[in-house]
Structures are given as structure tokens and as C-alpha cells.
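Below is the file query_23.csv, which contains CSV, C-alpha atoms.
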```csv
chain,number,residue,atom,x,y,z
A,1,MET,CA,46.5,35.2,-33.4
A,2,SER,CA,48.6,36.6,-30.6
A,3,MET,CA,50.2,33.2,-30.1
A,4,VAL,CA,51.3,33.0,-33.7
A,5,THR,CA,52.6,36.6,-33.6
A,6,SER,CA,54.6,35.8,-30.4
A,7,THR,CA,56.0,32.6,-32.1
A,8,ILE,CA,57.1,34.6,-35.1
A,9,GLY,CA,58.8,37.1,-32.7
A,10,GLN,CA,60.6,34.3,-30.9
A,11,GLY,CA,61.6,32.8,-34.3
A,12,LEU,CA,63.2,36.1,-35.3
A,13,LEU,CA,65.1,36.4,-32.0
A,14,TRP,CA,66.3,32.8,-32.1
A,15,GLY,CA,67.3,33.4,-35.7
A,16,ILE,CA,70.1,35.7,-34.4
A,17,LEU,CA,71.5,32.6,-32.6
A,18,GLY,CA,71.1,30.7,-35.9
A,19,LEU,CA,73.2,33.3,-37.7
A,20,GLY,CA,76.0,33.0,-35.1
A,21,LEU,CA,76.0,29.2,-35.4
A,22,PHE,CA,76.0,29.5,-39.2
A,23,LEU,CA,79.4,31.2,-39.1
A,24,THR,CA,81.1,28.3,-37.3
A,25,PHE,CA,79.0,25.4,-38.4
A,26,ARG,CA,78.8,26.2,-42.1
A,27,ILE,CA,81.5,28.7,-42.9
A,28,LEU,CA,84.4,27.6,-40.6
A,29,ASP,CA,83.1,24.0,-40.8
A,30,PHE,CA,83.5,23.0,-37.2
A,31,PRO,CA,81.2,22.3,-34.2
A,32,ASP,CA,81.3,25.0,-31.5
A,33,MET,CA,79.9,23.8,-28.2
A,34,THR,CA,80.6,27.2,-26.7
A,35,VAL,CA,77.0,28.1,-27.8
A,36,GLU,CA,75.4,26.4,-24.8
A,37,GLY,CA,77.6,28.5,-22.5
A,38,THR,CA,77.5,31.7,-24.4
A,39,PHE,CA,73.7,31.9,-24.7
A,40,PRO,CA,73.0,31.9,-20.9
A,41,PHE,CA,76.1,34.1,-20.3
A,42,GLY,CA,74.7,36.8,-22.6
A,43,ALA,CA,71.4,36.5,-20.8
A,44,CYS,CA,72.9,36.7,-17.4
A,45,VAL,CA,75.0,39.7,-18.2
A,46,CYS,CA,72.1,41.5,-19.8
A,47,VAL,CA,69.7,40.8,-16.9
A,48,GLU,CA,72.2,41.6,-14.2
A,49,ALA,CA,72.9,44.9,-16.0
A,50,LEU,CA,69.1,45.7,-16.3
A,51,VAL,CA,68.6,44.9,-12.6
A,52,HIS,CA,71.2,47.4,-11.7
A,53,GLY,CA,69.5,50.1,-13.8
A,54,VAL,CA,71.7,50.0,-16.9
A,55,ASN,CA,70.0,51.3,-20.1
A,56,PRO,CA,68.4,48.4,-22.1
A,57,PHE,CA,70.4,49.3,-25.2
A,58,LEU,CA,73.7,49.2,-23.4
A,59,ALA,CA,72.7,46.1,-21.5
A,60,THR,CA,72.0,44.3,-24.8
A,61,LEU,CA,75.4,45.4,-26.2
A,62,LEU,CA,77.0,44.1,-23.0
A,63,ALA,CA,75.4,40.7,-23.7
A,64,CYS,CA,77.0,40.8,-27.2
A,65,GLY,CA,80.3,41.8,-25.7
A,66,ALA,CA,80.1,38.9,-23.2
A,67,GLY,CA,79.5,36.5,-26.1
A,68,MET,CA,82.6,37.8,-27.9
A,69,VAL,CA,84.7,37.2,-24.8
A,70,THR,CA,83.6,33.5,-24.7
A,71,GLY,CA,84.4,33.2,-28.4
A,72,LEU,CA,87.8,34.7,-27.8
A,73,VAL,CA,88.5,32.2,-25.0
A,74,THR,CA,87.5,29.2,-27.1
A,75,GLY,CA,89.5,30.5,-30.0
A,76,LEU,CA,92.6,30.9,-27.9
A,77,LEU,CA,92.2,27.4,-26.4
A,78,TYR,CA,91.8,26.0,-29.9
A,79,THR,CA,94.5,27.9,-31.9
A,80,LYS,CA,97.1,28.6,-29.2
A,81,GLY,CA,96.5,25.8,-26.8
A,82,HIS,CA,96.0,23.2,-29.6
A,83,ILE,CA,92.9,21.8,-27.8
A,84,PRO,CA,90.4,20.2,-30.1
A,85,ILE,CA,87.6,22.6,-31.0
A,86,LEU,CA,84.9,20.4,-29.5
A,87,LEU,CA,86.7,20.1,-26.2
A,88,ALA,CA,87.7,23.8,-26.2
A,89,GLY,CA,84.1,24.7,-26.5
A,90,ILE,CA,83.0,22.4,-23.7
A,91,LEU,CA,85.8,23.7,-21.4
A,92,THR,CA,84.6,27.3,-22.0
A,93,MET,CA,81.0,26.3,-21.6
A,94,THR,CA,81.7,24.6,-18.3
A,95,GLY,CA,83.7,27.6,-16.9
A,96,VAL,CA,81.1,30.1,-17.9
A,97,TYR,CA,78.5,28.2,-15.8
A,98,SER,CA,80.3,29.2,-12.6
A,99,ILE,CA,80.6,32.8,-13.8
A,100,ASP,CA,76.8,32.9,-14.5
A,101,LEU,CA,76.2,31.8,-10.9
A,102,ARG,CA,78.6,34.5,-9.6
A,103,LEU,CA,76.8,37.1,-11.7
A,104,LEU,CA,73.2,36.2,-10.7
A,105,GLY,CA,74.0,35.0,-7.1
A,106,LYS,CA,71.5,32.3,-7.7
A,107,ALA,CA,70.1,30.0,-10.4
A,108,ASN,CA,67.7,32.6,-12.0
A,109,VAL,CA,66.8,36.2,-11.7
A,110,GLY,CA,63.6,37.9,-13.0
A,111,LEU,CA,63.1,41.3,-14.7
A,112,LEU,CA,59.8,42.2,-13.0
A,113,ASN,CA,59.1,45.9,-13.4
A,114,ARG,CA,62.4,46.5,-15.1
A,115,ALA,CA,62.8,48.5,-18.3
A,116,THR,CA,63.8,46.3,-21.3
A,117,LEU,CA,63.9,46.8,-25.1
A,118,LEU,CA,60.6,45.0,-25.4
A,119,ASN,CA,58.7,47.1,-23.0
A,120,LEU,CA,59.7,50.5,-24.2
A,121,PRO,CA,56.7,53.0,-24.2
A,122,ARG,CA,56.2,53.0,-28.0
A,123,LEU,CA,56.3,49.2,-28.2
A,124,GLN,CA,53.9,48.9,-25.3
A,125,GLN,CA,51.2,50.5,-27.5
A,126,LEU,CA,51.4,47.7,-30.0
A,127,PRO,CA,49.1,44.6,-29.8
A,128,GLN,CA,50.4,41.7,-27.7
A,129,GLY,CA,53.4,39.8,-29.2
A,130,PHE,CA,54.3,42.6,-31.8
A,131,ALA,CA,57.1,44.0,-29.6
A,132,SER,CA,59.2,40.9,-30.1
A,133,VAL,CA,58.5,40.9,-33.8
A,134,ILE,CA,59.6,44.5,-34.2
A,135,VAL,CA,62.7,44.2,-32.1
A,136,GLY,CA,63.6,40.8,-33.7
A,137,LEU,CA,63.1,42.1,-37.2
A,138,VAL,CA,65.2,45.2,-36.6
A,139,VAL,CA,68.1,43.2,-35.0
A,140,ALA,CA,67.9,40.4,-37.6
A,141,VAL,CA,68.0,42.9,-40.5
A,142,VAL,CA,71.0,44.8,-39.0
A,143,ALA,CA,72.8,41.5,-38.3
A,144,ILE,CA,72.2,40.1,-41.8
A,145,VAL,CA,73.2,43.4,-43.6
A,146,GLY,CA,76.3,43.7,-41.3
A,147,LEU,CA,77.4,40.1,-42.0
A,148,ALA,CA,76.7,40.4,-45.7
A,149,LEU,CA,78.9,43.5,-45.9
A,150,PHE,CA,81.6,41.9,-43.8
A,151,LEU,CA,81.7,38.7,-45.8
A,152,ASN,CA,82.1,40.6,-49.0
A,153,THR,CA,85.2,42.5,-47.8
A,154,ASP,CA,88.8,41.1,-48.3
A,155,LEU,CA,88.9,40.1,-44.6
A,156,GLY,CA,85.5,38.4,-44.9
A,157,GLN,CA,86.6,36.5,-48.0
A,158,ALA,CA,89.8,35.4,-46.2
A,159,PHE,CA,87.5,34.2,-43.4
A,160,ILE,CA,85.3,32.2,-45.8
A,161,ALA,CA,88.4,30.8,-47.6
A,162,THR,CA,89.8,29.6,-44.2
A,163,GLY,CA,86.8,27.3,-43.8
A,164,ASP,CA,87.0,26.1,-47.4
A,165,ASN,CA,90.7,25.4,-47.7
A,166,GLU,CA,92.9,26.2,-44.8
A,167,LYS,CA,96.1,25.0,-46.3
A,168,MET,CA,95.7,27.1,-49.4
A,169,VAL,CA,94.9,30.2,-47.4
A,170,ARG,CA,97.9,29.7,-45.2
A,171,SER,CA,100.1,29.4,-48.3
A,172,LEU,CA,98.9,32.8,-49.3
A,173,GLY,CA,100.3,34.3,-46.1
A,174,ILE,CA,96.9,34.7,-44.3
A,175,ASN,CA,96.9,34.1,-40.5
A,176,THR,CA,94.3,31.3,-40.3
A,177,ASP,CA,94.4,31.2,-36.5
A,178,MET,CA,93.4,34.8,-36.5
A,179,MET,CA,90.5,34.1,-38.9
A,180,LYS,CA,89.3,31.3,-36.6
A,181,ILE,CA,89.4,33.5,-33.5
A,182,LEU,CA,87.6,36.3,-35.4
A,183,GLY,CA,84.9,33.9,-36.6
A,184,LEU,CA,84.4,32.5,-33.1
A,185,MET,CA,84.2,36.0,-31.6
A,186,LEU,CA,81.6,37.1,-34.2
A,187,ALA,CA,79.6,34.0,-33.9
A,188,ASN,CA,79.5,34.0,-30.1
A,189,GLY,CA,78.9,37.7,-30.1
A,190,LEU,CA,75.6,37.1,-32.0
A,191,ILE,CA,74.8,34.2,-29.7
A,192,GLY,CA,75.3,36.3,-26.6
A,193,LEU,CA,73.2,39.0,-28.2
A,194,ALA,CA,70.4,36.5,-28.8
A,195,GLY,CA,70.7,35.4,-25.2
A,196,GLY,CA,70.3,39.0,-24.0
A,197,LEU,CA,67.3,39.6,-26.2
A,198,LEU,CA,65.5,36.4,-25.4
A,199,ALA,CA,66.1,37.0,-21.6
A,200,GLN,CA,64.3,40.3,-22.1
A,201,ASN,CA,61.6,38.7,-24.0
A,202,GLY,CA,61.1,35.9,-21.4
A,203,GLY,CA,61.6,38.3,-18.5
A,204,TYR,CA,64.3,36.3,-16.7
A,205,ALA,CA,67.8,34.7,-17.0
A,206,ASP,CA,68.6,31.2,-15.9
A,207,VAL,CA,72.0,29.6,-15.7
A,208,ASN,CA,70.5,26.4,-17.3
A,209,MET,CA,68.8,28.1,-20.2
A,210,GLY,CA,71.6,27.2,-22.6
A,211,ILE,CA,70.8,23.5,-22.6
A,212,GLY,CA,69.7,22.4,-26.1
A,213,THR,CA,70.3,25.8,-27.8
A,214,ILE,CA,72.7,24.3,-30.3
A,215,VAL,CA,69.9,22.0,-31.5
A,216,ILE,CA,67.6,25.1,-32.0
A,217,GLY,CA,70.4,26.9,-34.0
A,218,LEU,CA,71.1,23.9,-36.1
A,219,ALA,CA,67.4,23.4,-36.8
A,220,ALA,CA,67.1,27.0,-38.1
A,221,ILE,CA,70.1,26.4,-40.4
A,222,ILE,CA,68.9,23.0,-41.7
A,223,ILE,CA,65.3,24.0,-42.2
A,224,GLY,CA,66.3,27.1,-44.1
A,225,GLU,CA,68.6,25.0,-46.4
A,226,VAL,CA,66.0,22.3,-46.9
A,227,ALA,CA,63.2,24.9,-47.7
A,228,TYR,CA,65.2,27.0,-50.1
A,229,GLY,CA,68.0,24.7,-51.5
A,230,GLU,CA,70.9,26.3,-53.3
A,231,LEU,CA,71.2,30.0,-52.5
A,232,SER,CA,73.8,32.8,-52.5
A,233,LEU,CA,75.6,33.5,-49.2
A,234,THR,CA,73.5,36.5,-48.4
A,235,ALA,CA,70.3,34.7,-49.2
A,236,ARG,CA,71.4,31.8,-47.0
A,237,LEU,CA,71.7,34.2,-44.0
A,238,VAL,CA,68.1,35.3,-44.7
A,239,ALA,CA,67.1,31.6,-45.0
A,240,VAL,CA,68.6,30.9,-41.5
A,241,VAL,CA,66.2,33.5,-39.9
A,242,VAL,CA,63.3,32.2,-42.0
A,243,GLY,CA,64.2,28.7,-41.0
A,244,SER,CA,64.1,29.7,-37.3
A,245,ILE,CA,60.6,31.1,-37.7
A,246,LEU,CA,59.4,28.0,-39.5
A,247,TYR,CA,60.9,25.8,-36.8
A,248,ARG,CA,59.1,27.7,-34.1
A,249,LEU,CA,55.8,27.5,-36.0
A,250,ILE,CA,56.3,23.7,-36.5
A,251,LEU,CA,56.8,23.4,-32.7
A,252,LEU,CA,53.7,25.5,-32.1
A,253,ALA,CA,51.7,23.2,-34.4
A,254,VAL,CA,53.0,20.1,-32.7
A,255,LEU,CA,52.3,21.4,-29.2
A,256,GLN,CA,48.7,22.3,-30.4
A,257,LEU,CA,48.2,18.6,-31.1
A,258,GLY,CA,48.3,18.0,-27.4
A,259,PHE,CA,51.9,17.2,-26.6
A,260,ASN,CA,53.2,18.2,-23.1
A,261,THR,CA,55.5,21.2,-22.9
A,262,ASN,CA,57.9,19.0,-21.0
A,263,ASP,CA,58.5,17.2,-24.3
A,264,PHE,CA,59.8,20.4,-26.0
A,265,LYS,CA,63.5,19.3,-26.1
A,266,LEU,CA,62.6,15.9,-27.4
A,267,LEU,CA,60.4,17.3,-30.1
A,268,SER,CA,63.2,19.7,-31.0
A,269,ALA,CA,65.6,16.8,-31.4
A,270,VAL,CA,63.1,14.8,-33.5
A,271,ILE,CA,62.3,17.7,-35.8
A,272,LEU,CA,66.0,18.4,-36.4
A,273,ALA,CA,66.7,14.7,-37.0
A,274,VAL,CA,63.9,14.6,-39.6
A,275,CYS,CA,65.2,17.8,-41.3
A,276,LEU,CA,68.7,16.3,-41.4
A,277,MET,CA,67.4,13.2,-43.1
A,278,LEU,CA,65.2,15.1,-45.7
A,279,PRO,CA,68.0,15.6,-48.3
A,280,LEU,CA,68.8,11.9,-48.2
A,281,LEU,CA,65.2,10.9,-48.5
A,282,GLN,CA,64.7,13.4,-51.4
A,283,ALA,CA,67.8,11.9,-53.2
A,284,LYS,CA,66.5,8.4,-52.7
A,285,PHE,CA,63.1,9.4,-54.0
A,286,HIS,CA,64.6,11.1,-57.0
A,287,VAL,CA,66.7,8.0,-57.8
A,288,LYS,CA,63.6,5.8,-57.6
A,289,GLN,CA,61.8,8.1,-60.0
A,290,LEU,CA,64.6,8.0,-62.5
A,291,LEU,CA,64.8,4.2,-62.3
A,292,HIS,CA,61.0,4.0,-62.7
A,293,LYS,CA,61.1,6.1,-65.8
A,294,GLY,CA,63.9,4.0,-67.1
A,295,VAL,CA,61.9,0.8,-66.7
A,296,GLU,CA,58.8,2.4,-68.4
A,297,ARG,CA,60.8,3.7,-71.3
A,298,PRO,CA,60.3,1.3,-74.4
```
If you took the structure in this file and wrote it as C-alpha cells, what would it be?
Amino acid sequence: MSMVTSTIGQGLLWGILGLGLFLTFRILDFPDMTVEGTFPFGACVCVEALVHGVNPFLATLLACGAGMVTGLVTGLLYTKGHIPILLAGILTMTGVYSIDLRLLGKANVGLLNRATLLNLPRLQQLPQGFASVIVGLVVAVVAIVGLALFLNTDLGQAFIATGDNEKMVRSLGINTDMMKILGLMLANGLIGLAGGLLAQNGGYADVNMGIGTIVIGLAAIIIGEVAYGELSLTARLVAVVVGSILYRLILLAVLQLGFNTNDFKLLSAVILAVCLMLPLLQAKFHVKQLLHKGVERP
């Protein structure tokens, strides 16, 4: 039971990363590789702050701020430097790696006997694994409500329209470059926040912990979409977090079958590939059903 609870907690925390990726991948409609640099950067900033005695709440906010900085850098490289978004993200990700090493002074740093959001006195009284569920649920709700309110403002609608039809939005006098920078900052702020929270949950920060995070974020988005189909924008934000939980539970079930934990990244990629192919398989199955009914009809 504690393993399932812990997995749900991790799913909620990873869902924050999924929400960030949703802003760029689904709304702005471009791939942002900054994710794999932002996530460990947020973790490293948070852990380094905690090691130096900073309040856990402030340290978590610093992780979010660090993520926003990486988003700003990628946005400036993309919009002002005219570097392709994929390459701009890779450049930022590569540069941040050295900053992580500078921050930590070594490859990884632990949080042994340090105060974190997940070991606050009141949360310590809960059964094992429930602390991550409570913290993840609170942060996820705040993030979803905040994003939903923002996306329903005039600025949020301009942001959505930029991803839908940039030329039309530009013709209306909206600064699309600013919208892209804003989107990248918001997205990477959430990803940095997820990095800080998951570092506290795991008890350490590692400069290499960002490898494969984009796959996890995409899996949360795709599984949520496959599971629930057509939804309103706010409901899709909820579906991303639910998709993240389902993804972690699927991985737990697969690992319980006897797979080695070293195969975790491979399993993640396979699950994501299957989820990406599901809509195509469903469409083919639907067509076959229609053809079959047509043949049977007198």
C-alpha cells in the first residue's frame, strides 16, 4: 500500500513538469529541449539553498525562479537570436549543466538531516508516502487553478492564439515574440519547481537527473489525452496530472513483473511509444469496424 501511495505522490509531483511541458508542446506547438536542463537546475538550486539553511518554501520558490531564467534565455535565443527552438533549448540545456556543477561543487548532493517541504513536522505524522501526496496535490491544484485563470485572461488568450495562428495574431498588433518568451518562462518555471520538489522528495540533487525527463512529461500529456479524449482546456490541465499518475502506476506494475530498475528509461520510452500509437490504432480499428458493418449490411 505504501508503495502505491508513494507512486501516486510521485505522479502528482511529476505532473507539475507535465503541466510545464504542456504549455510549450501543446499550446505553443514547439519542442522545448530546455526541459532536460531546467529540471536538474531547479533541483540543484533548491538543494543548495536547503543545504545552506534557507527556508524550504523559499528554496522551492528559488527553484521555480531558476526555471524561469532558463526559459528566458531559451526565449531570447529563439526570438532575438533567431536560433531554431530545438537548438536554442539544447544550447541552454548544455550551458546549465556547467552551472549545476558550479552550484553543487560535485555531481550530486544529498539532503540528509535537512528540513524540506516533505519532512515538515505535521507531514511527518502521516503514514509513509502520504507527505508527497499532500504536497503534490496542493501544488498541482494551485498550478492548475493559476494556469486556468491566466489562460482565460486577455493575455492568456493572446498566448494561446500565438500557438494557433502566429501570423493572424501578429496582424492584430500582438507581440508574438513576447508571448513565446512568456510561455517559455512559465513552462520552465513549472519544470524548475518540479525539479525542486522531486529533489526534496528523493533527498538529493544530481546534475544528470534531467536525462529522459522530457519523455516523462510527454507521457503524462499523451496518456491524459488518450484516457479522456476531447476536453476543455482546463480539463486538459487536470488530465495531464492524472496522466502522470497513471504513467507512474503503469511503470510500477511493469516493474512488479520482474523487470530490472536499470530498464526504467527503456520502459518509459516503450510506454510513451505505445501511447503515441494508440490514437492511430484506435482509428484503424474503428475503420475496420465500419467496413465490417458495411459488408454485413444486406
Which protein, DNA or RNA residues are at most 8 Å from (57.4, 28.6, -35.4) in the file's coordinates when you count all atoms listed in the file, listed as a short mmCIF file (atom, residue, chain, number, x, y, z; two decimals) with C-alpha atoms, in the coordinates of the input?
```cif
data_model
loop_
_atom_site.label_atom_id
_atom_site.label_comp_id
_atom_site.auth_asym_id
_atom_site.auth_seq_id
_atom_site.Cartn_x
_atom_site.Cartn_y
_atom_site.Cartn_z
CA VAL A 4 51.30 33.00 -33.70
CA THR A 7 56.00 32.60 -32.10
CA ILE A 8 57.10 34.60 -35.10
CA GLN A 10 60.60 34.30 -30.90
CA GLY A 11 61.60 32.80 -34.30
CA SER A 244 64.10 29.70 -37.30
CA ILE A 245 60.60 31.10 -37.70
CA LEU A 246 59.40 28.00 -39.50
CA TYR A 247 60.90 25.80 -36.80
CA ARG A 248 59.10 27.70 -34.10
CA LEU A 249 55.80 27.50 -36.00
CA ILE A 250 56.30 23.70 -36.50
CA LEU A 251 56.80 23.40 -32.70
CA LEU A 252 53.70 25.50 -32.10
CA ALA A 253 51.70 23.20 -34.40
#
```
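Note that CA of Leu23 (chain A) and CA of Lys80 (chain A) are 20.4 Å apart.
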Would you kindly return, as a PyMOL selection string, each protein, DNA or RNA residue with an atom no farther than 10 Å from any atom of Leu112 (chain A), considering only C-alpha atoms and excluding same-chain residues fewer than 4 positions away? chain A and resi 51+203-204
Find the residues of region 37-149 of chain A that sit at most 9 Å from region 174-180 of chain A; for each, write down the nearest two atoms and how far apart they are in Å, to one decimal. Count only C-alpha atoms. Sort by chain, then by number going up, and give it as a Markdown table.
```
| residue | atom | partner | partner_atom | distance |
| --- | --- | --- | --- | --- |
| A:Gly75 | CA | A:Lys180 | CA | 6.7 |
| A:Leu76 | CA | A:Asp177 | CA | 8.8 |
| A:Tyr78 | CA | A:Asp177 | CA | 8.8 |
| A:Thr79 | CA | A:Asp177 | CA | 5.7 |
| A:Lys80 | CA | A:Asp177 | CA | 8.2 |
```
Tell me which of A:Leu117, A:Ala199, A:Val226, A:Ile191 sits closest to Cys46 (chain A), counting all atoms listed in the file. A:Ala199
Separation of CA of Ile99 (chain A) from CA of Ala205 (chain A), in Å and rounded to one decimal: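 That distance, rounded to one decimal, is 13.3 Å.
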Report, in Å to a single decimal, how far apart CA of Pro40 (chain A) and CA of Gly105 (chain A) are.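 Rounded to one decimal, the two atoms are 14.2 Å apart.
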Could you tell me which of A:Ile134, A:Ile85, A:Cys44, A:Ala148 comes closest to Leu111 (chain A) if we count all atoms listed in the file?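 When distances to Leu111 (chain A) are compared using all atoms listed in the file, the smallest one comes from A:Cys44.
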Give me the residues near Cys64 (chain A) as a ChimeraX atom specification, where near means some atom within 7 Å (using only C-alpha atoms) and where sequence neighbours in that chain fewer than 3 positions away do not count. /A:42,60-61,67-68,189-190,192-193
Write out as a PyMOL selection string the residues lying within 9 Å of Thr5 (chain A), counting all atoms listed in the file and excluding same-chain residues fewer than 2 positions away. chain A and resi 1-3+7-10+128-130+132-133
Among A:Leu182, A:Ile214, A:Asn55, A:Leu137, Leu155 (chain A) is approached most closely, using all atoms listed in the file, by A:Leu182
Write out as a PyMOL selection string which residues come within 9 Å of Val238 (chain A) when counting all atoms listed in the file, dropping same-chain ones fewer than 3 positions away. chain A and resi 19+140-141+144+224+233-235+241-243
List as a list in words the protein and nucleic acid residues near Ala161 (chain A), meaning an atom at most 10 Å away when all atoms listed in the file are counted, but skip any in the same chain fewer than 3 places from it.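 Neighbouring residues, sequence-local ones excluded: Ile27, Leu28, Leu155, Gly156, Gln157, Ala158, Asp164, Asn165, Glu166, Lys167, Met168, Val169, Arg170, Ile174, Thr176 and Met179 of chain A.
Distances to Thr38 (chain A) were evaluated for A:Gly65, A:Gly163, A:Pro56, A:Gly81 using all atoms listed in the file, and the minimum falls at A:Gly65.
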Nearest to Lys106 (chain A) by atom-to-atom distance, counting all atoms listed in the file, from A:Leu172, A:Leu62, A:Ala269, A:Val207: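 Of A:Leu172, A:Leu62, A:Ala269, A:Val207, the one nearest Lys106 (chain A), counting all atoms listed in the file, is A:Val207.
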